[in-house]
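What follows is the content of protein_17.cif (mmCIF, C-alpha atoms).
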```
data_run
loop_
_atom_site.label_atom_id
_atom_site.label_comp_id
_atom_site.auth_asym_id
_atom_site.auth_seq_id
_atom_site.Cartn_x
_atom_site.Cartn_y
_atom_site.Cartn_z
CA ARG A 1 55.14 70.43 96.22
CA GLY A 2 51.51 71.06 95.33
CA GLY A 3 49.80 70.64 92.01
CA HIS A 4 49.67 68.13 89.22
CA ILE A 5 49.42 67.93 85.46
CA GLU A 6 47.57 65.40 83.33
CA HIS A 7 49.73 63.38 80.96
CA ALA A 8 47.48 60.88 79.23
CA THR A 9 43.69 61.29 79.17
CA ASP A 10 40.50 59.56 78.02
CA MET A 11 41.06 56.25 79.80
CA SER A 12 37.92 54.78 81.36
CA GLY A 13 38.05 53.26 84.82
CA GLY A 14 40.69 53.71 87.47
CA ILE A 15 44.27 53.08 86.40
CA GLU A 16 45.77 50.26 88.49
CA THR A 17 49.16 49.75 86.79
CA LEU A 18 51.77 51.68 84.82
CA ALA A 19 54.34 49.50 83.03
CA VAL A 20 57.21 50.68 80.84
CA TYR A 21 58.73 48.87 77.87
CA ASN A 22 62.42 49.81 77.52
CA ALA A 23 63.63 49.22 73.97
CA GLN A 24 67.30 48.57 73.21
CA ASN A 25 67.40 51.66 70.99
CA GLY A 26 66.30 53.87 73.90
CA THR A 27 62.71 54.34 72.70
CA ASN A 28 60.43 53.60 75.62
CA LYS A 29 56.68 53.08 75.82
CA MET A 30 54.44 53.40 78.86
CA PHE A 31 51.26 51.37 79.23
CA ALA A 32 48.38 52.06 81.63
CA SER A 33 45.92 49.37 82.75
CA SER A 34 42.48 49.47 84.31
CA ASP A 35 40.38 46.43 85.25
CA SER A 36 39.10 46.21 81.67
CA ASN A 37 41.63 47.78 79.28
CA LEU A 38 45.29 48.45 78.53
CA TRP A 39 46.34 51.66 76.75
CA ASP A 40 49.55 53.04 75.25
CA ALA A 41 50.05 56.11 77.45
CA SER A 42 53.46 57.07 76.05
CA SER A 43 52.39 60.39 74.54
CA ALA A 44 50.65 63.28 76.25
CA GLY A 45 46.98 63.85 75.47
CA ALA A 46 44.14 61.53 74.52
CA VAL A 47 45.29 57.91 74.36
CA GLY A 48 42.99 56.59 71.66
CA ALA A 49 41.76 53.02 71.42
CA ALA A 50 42.76 50.41 73.98
CA GLU A 51 45.25 47.69 73.07
CA ALA A 52 43.70 44.49 71.67
CA VAL A 53 44.37 42.28 74.73
CA THR A 54 42.18 40.69 77.41
CA VAL A 55 42.25 42.47 80.77
CA THR A 56 39.96 41.60 83.68
CA ASN A 57 42.37 42.50 86.50
CA GLY A 58 44.30 45.78 86.19
CA ARG A 59 46.91 44.99 88.85
CA TRP A 60 49.89 43.71 86.85
CA GLN A 61 53.44 42.96 87.99
CA SER A 62 55.99 43.51 85.25
CA LEU A 63 59.61 43.51 84.21
CA ASN A 64 61.73 43.84 81.08
CA MET A 65 63.80 40.87 79.89
CA GLY A 66 65.62 39.95 76.72
CA ASP A 67 65.95 36.45 75.27
CA GLY A 68 68.65 37.10 72.65
CA THR A 69 66.05 37.70 69.93
CA ASN A 70 63.64 40.25 71.44
CA ASN A 71 63.47 42.60 74.37
CA TRP A 72 60.19 41.94 76.15
CA LEU A 73 57.91 43.67 78.63
CA LEU A 74 56.48 40.75 80.64
CA MET A 75 53.26 41.35 82.62
CA PHE A 76 51.58 38.93 85.07
CA ASN A 77 48.49 39.38 87.28
CA GLY A 78 47.43 35.84 88.29
CA THR A 79 44.04 36.15 86.59
CA ASP A 80 44.53 36.90 82.90
CA LYS A 81 46.98 35.26 80.51
CA PRO A 82 50.40 36.87 80.91
CA LEU A 83 51.04 39.66 78.42
CA TYR A 84 54.34 39.89 76.53
CA TYR A 85 55.18 42.99 74.46
CA ASN A 86 58.12 42.95 72.02
CA GLY A 87 58.04 46.60 70.93
CA THR A 88 55.44 46.16 68.20
CA ALA A 89 52.89 43.50 69.21
CA TRP A 90 51.30 41.91 72.27
CA THR A 91 51.13 38.16 72.92
CA GLU A 92 48.66 36.65 75.39
CA VAL A 93 50.84 33.81 76.69
CA ASP A 94 49.61 30.27 77.36
CA ALA A 95 50.76 26.74 76.48
CA ALA A 96 49.96 27.21 72.75
CA SER A 97 51.26 30.75 72.09
CA THR A 98 54.68 31.83 70.82
CA PRO A 99 56.45 32.21 73.16
CA ALA A 100 54.62 29.67 75.32
CA LEU A 101 54.68 28.76 79.01
CA THR A 102 54.12 25.06 79.65
CA GLY A 103 53.96 22.90 82.77
CA VAL A 104 51.56 25.12 84.73
CA THR A 105 48.42 27.13 83.97
CA SER A 106 49.78 30.54 82.92
CA THR A 107 46.83 32.45 84.43
CA THR A 108 48.01 31.44 87.94
CA LEU A 109 51.45 33.08 87.65
CA ILE A 110 52.50 36.30 89.41
CA ALA A 111 55.60 38.18 90.57
CA PRO A 112 58.14 37.89 87.74
CA MET A 113 61.78 38.00 88.87
CA VAL A 114 65.06 37.51 87.00
CA TYR A 115 67.72 35.73 89.02
CA GLN A 116 70.95 34.36 87.57
CA GLY A 117 69.56 34.98 84.07
CA ARG A 118 66.42 32.88 84.68
CA LEU A 119 62.82 34.03 84.81
CA PHE A 120 61.18 32.98 88.11
CA LEU A 121 57.42 33.16 88.72
CA ILE A 122 55.30 32.49 91.79
CA GLN A 123 52.16 30.40 91.37
CA LYS A 124 49.59 32.47 93.28
CA GLU A 125 48.28 31.17 96.60
CA THR A 126 50.76 28.25 96.67
CA LEU A 127 54.27 27.52 97.89
CA SER A 128 55.46 26.83 94.32
CA VAL A 129 57.98 28.83 92.31
CA TRP A 130 58.39 28.06 88.61
CA TYR A 131 61.44 28.92 86.52
CA LEU A 132 62.63 28.78 82.91
CA ALA A 133 65.97 27.92 81.36
CA ALA A 134 68.58 30.70 81.50
CA GLY A 135 67.93 33.44 78.96
CA ALA A 136 64.44 32.16 78.03
CA VAL A 137 61.10 33.95 78.30
CA GLY A 138 59.12 30.91 77.19
CA GLY A 139 59.26 27.14 77.27
CA ALA A 140 58.81 24.38 79.81
CA LEU A 141 58.65 25.70 83.36
CA THR A 142 60.25 23.74 86.20
CA GLU A 143 58.67 23.75 89.66
CA PHE A 144 60.46 24.35 92.94
CA ASP A 145 58.08 23.43 95.78
CA PHE A 146 58.72 25.23 99.07
CA SER A 147 56.09 23.27 101.02
CA THR A 148 58.68 21.00 102.68
CA LEU A 149 60.69 24.06 103.78
CA CYS A 150 57.83 26.17 105.12
CA LYS A 151 56.82 24.54 108.38
CA MET A 152 54.18 27.18 109.11
CA GLY A 153 52.47 26.73 105.74
CA GLY A 154 50.95 29.75 104.03
CA TYR A 155 51.78 30.80 100.50
CA LEU A 156 54.53 32.70 98.70
CA MET A 157 53.92 36.43 98.56
CA ALA A 158 57.10 37.83 97.02
CA HIS A 159 60.65 37.08 95.94
CA ALA A 160 63.64 39.19 94.98
CA ALA A 161 67.29 38.96 94.02
CA TRP A 162 69.42 40.00 96.99
CA THR A 163 73.08 40.94 96.64
CA ILE A 164 75.14 41.16 99.84
CA ASP A 165 78.79 41.06 100.88
CA GLY A 166 79.29 38.75 103.85
CA GLY A 167 83.02 39.52 104.05
CA ASP A 168 84.21 37.14 101.33
CA GLY A 169 83.04 39.24 98.38
CA VAL A 170 79.71 39.95 96.81
CA ASP A 171 77.21 37.08 96.65
CA ASP A 172 73.85 36.93 94.86
CA TYR A 173 70.96 35.22 96.61
CA ALA A 174 67.28 34.73 95.92
CA ALA A 175 65.01 35.73 98.81
CA PHE A 176 61.49 34.31 99.16
CA VAL A 177 58.78 35.71 101.46
CA THR A 178 55.75 33.74 102.61
CA SER A 179 52.48 34.86 104.20
CA GLU A 180 53.65 33.29 107.46
#
```
Mind turning the file's structure into structure tokens?
Amino acid sequence: RGGHIEHATDMSGGIETLAVYNAQNGTNKMFASSDSNLWDASSAGAVGAAEAVTVTNGRWQSLNMGDGTNNWLLMFNGTDKPLYYNGTAWTEVDAASTPALTGVTSTTLIAPMVYQGRLFLIQKETLSVWYLAAGAVGGALTEFDFSTLCKMGGYLMAHAAWTIDGGDGVDDYAAFVTSE
């Protein structure tokens, strides 16, 4: 079907990412990112001032996850500090923020995935996956190194939860994809 309509306007630069925060009360917010800014694009019309966060790479990977206290929009791009949004405020996440990510440099993390209640993250351009305790969005990350399993080398590109029924009932697996 031809045609289009503008929703949110007055954002400088090309928009690379749209990410949605889904609140528990059903109130959602949509954010748009360029290579230099992040805007609240929830309402139609001019967006106003950019959010007060650091953005140098507009290509974010995101998901929503709760930790029992807050529902969070978690955004990772492997360049900037991860961004966490709790419905009212943004946190640029590092080893000293609240919540914090410790054990690895947070600016190297990409591809958030929730599997078995745990947050998993790929360390870009490596064969390392890092994960948190079940139900946590911050804390000490634990590394799982795939280098001994990947005989052709390369780096991890993606991962996903995969649910299949092999004949004995439904099973949940984690699938990991490398460059090789």
Checklist line | A:Ile5, A:Ala49, A:Ala134, A:Val129 ranked by distance to Met65 of chain A, top pick (using all atoms listed in the file) | finding: A:Ala134
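Residues matched by the PyMOL selection byres ((chain A and resi 48) around 10) in this file: Ala8, Thr9, Asp10, Met11, Trp39, Asp40, Ala41, Gly45, Ala46, Val47, Ala49, Ala50 and Glu51 of chain A.
Near Ala95 of chain A, within a cut-off of 10 Å and counting all atoms listed in the file, sit the residues Ala100, Leu101, Thr102, Gly103, Val104, Thr105, Ser106, Gly138, Gly139 and Ala140 of chain A, with same-chain residues fewer than 5 positions away left out.
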Check: Using all atoms listed in the file, which residues sit within 6 Å of Leu74 of chain A once same-chain residues fewer than 4 positions away are excluded, as a list in words?
Finding: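 Here the answer would be Ser62, Leu63, Leu83 and Tyr84 of chain A.
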Note to self: Excluding Thr126 of chain A and its own-chain neighbours fewer than 4 positions away, which residues fall within 12 Å of it when counting all atoms listed in the file? Please give them as a ChimeraX atom specification.
What the structure shows: /A:78,108-110,121-122,130,143-147,150,153-158,177-179
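Take the candidates A:His7, A:Lys81, A:Glu16, A:Gly87 and check each one against Asn28 of chain A using only C-alpha atoms; the shortest distance goes to A:Gly87.
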Give me the result of the PyMOL selection byres ((chain A and resi 160-168) around 10) on this file, residue by residue, as a tab-separated table (two decimals) with C-alpha atoms, in the frame of the given file.
```
chain	number	residue	atom	x	y	z
A	111	ALA	CA	55.60	38.18	90.57
A	112	PRO	CA	58.14	37.89	87.74
A	113	MET	CA	61.78	38.00	88.87
A	114	VAL	CA	65.06	37.51	87.00
A	115	TYR	CA	67.72	35.73	89.02
A	116	GLN	CA	70.95	34.36	87.57
A	120	PHE	CA	61.18	32.98	88.11
A	158	ALA	CA	57.10	37.83	97.02
A	159	HIS	CA	60.65	37.08	95.94
A	169	GLY	CA	83.04	39.24	98.38
A	170	VAL	CA	79.71	39.95	96.81
A	171	ASP	CA	77.21	37.08	96.65
A	172	ASP	CA	73.85	36.93	94.86
A	173	TYR	CA	70.96	35.22	96.61
A	174	ALA	CA	67.28	34.73	95.92
A	175	ALA	CA	65.01	35.73	98.81
A	176	PHE	CA	61.49	34.31	99.16
A	177	VAL	CA	58.78	35.71	101.46
```
Notebook entry, point to check: Mind telling me what the PyMOL selection byres ((chain A and resi 72) around 9) catches here, as a PyMOL selection string?
Noted result: chain A and resi 21-23+63-67+70-71+73-74+84-87+137
Checklist line | Gap from atom CA of Thr88 of chain A to atom CA of Gln123 of chain A - Å, one decimal | finding: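 Atom CA of Gln123 of chain A lies at a distance of 28.2 Å from atom CA of Thr88 of chain A.
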Calculate, to one decimal in Å, the centre and edge lengths of the box along x, y and z of the file that holds all listed atoms of segment 102-115 of chain A with 8 Å of margin on each side, and present them as AutoDock Vina command-line options.
```
--center_x 57.3 --center_y 30.5 --center_z 85.1 --size_x 36.9 --size_y 31.3 --size_z 26.9
```
Item checked: Gap from atom CA of Val20 of chain A to atom CA of Val55 of chain A - Å, one decimal ->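 That distance, rounded to one decimal, is 17.1 Å.
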For Asn57 of chain A, please output as a short mmCIF file (atom, residue, chain, number, x, y, z; two decimals) with C-alpha atoms, keeping the file's coordinate frame all residues within 9 Å (counting only C-alpha atoms; exclusion window: fewer than 6 positions along the same chain).
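The result, written out as out-v7.cif:
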```cif
data_model
loop_
_atom_site.label_atom_id
_atom_site.label_comp_id
_atom_site.auth_asym_id
_atom_site.auth_seq_id
_atom_site.Cartn_x
_atom_site.Cartn_y
_atom_site.Cartn_z
CA GLU A 16 45.77 50.26 88.49
CA SER A 33 45.92 49.37 82.75
CA SER A 34 42.48 49.47 84.31
CA ASP A 35 40.38 46.43 85.25
CA SER A 36 39.10 46.21 81.67
CA ASN A 37 41.63 47.78 79.28
CA ASN A 77 48.49 39.38 87.28
CA GLY A 78 47.43 35.84 88.29
CA THR A 79 44.04 36.15 86.59
CA ASP A 80 44.53 36.90 82.90
#
```
Notebook entry, point to check: With only C-alpha atoms as the atoms that count, which of A:Gly13, A:Gly26, A:Gly117, A:Gly2 lies nearest to Gly68 of chain A?
Noted result: A:Gly117
Notebook entry, point to check: Can you find the residues with an atom no farther than 6 Å from (48.4, 43.3, 74.2), counting all atoms listed in the file, and report them as a PyMOL selection string?
Noted result: chain A and resi 51-53+90-91
Check: For the atom pair atom CA of Ala44 of chain A and atom CA of Gly58 of chain A, what is the interatomic distance in Å to one decimal place?
Finding: 21.1 Å
Next item on the list: Find, counting only C-alpha atoms, the residue in A:Thr142, A:Ser12, A:Thr17, A:Gln24 that gets nearest to Thr69 of chain A.
Entry: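 Looking only at the distances to Thr69 of chain A, the closest residue turns out to be A:Gln24.
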Check: With distances taken over all atoms listed in the file, which of A:Glu125, A:Leu149, A:Arg59, A:Ser43 is nearest to Glu6 of chain A?
Finding: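 Of the candidates, the smallest distance to Glu6 of chain A is held by A:Ser43.
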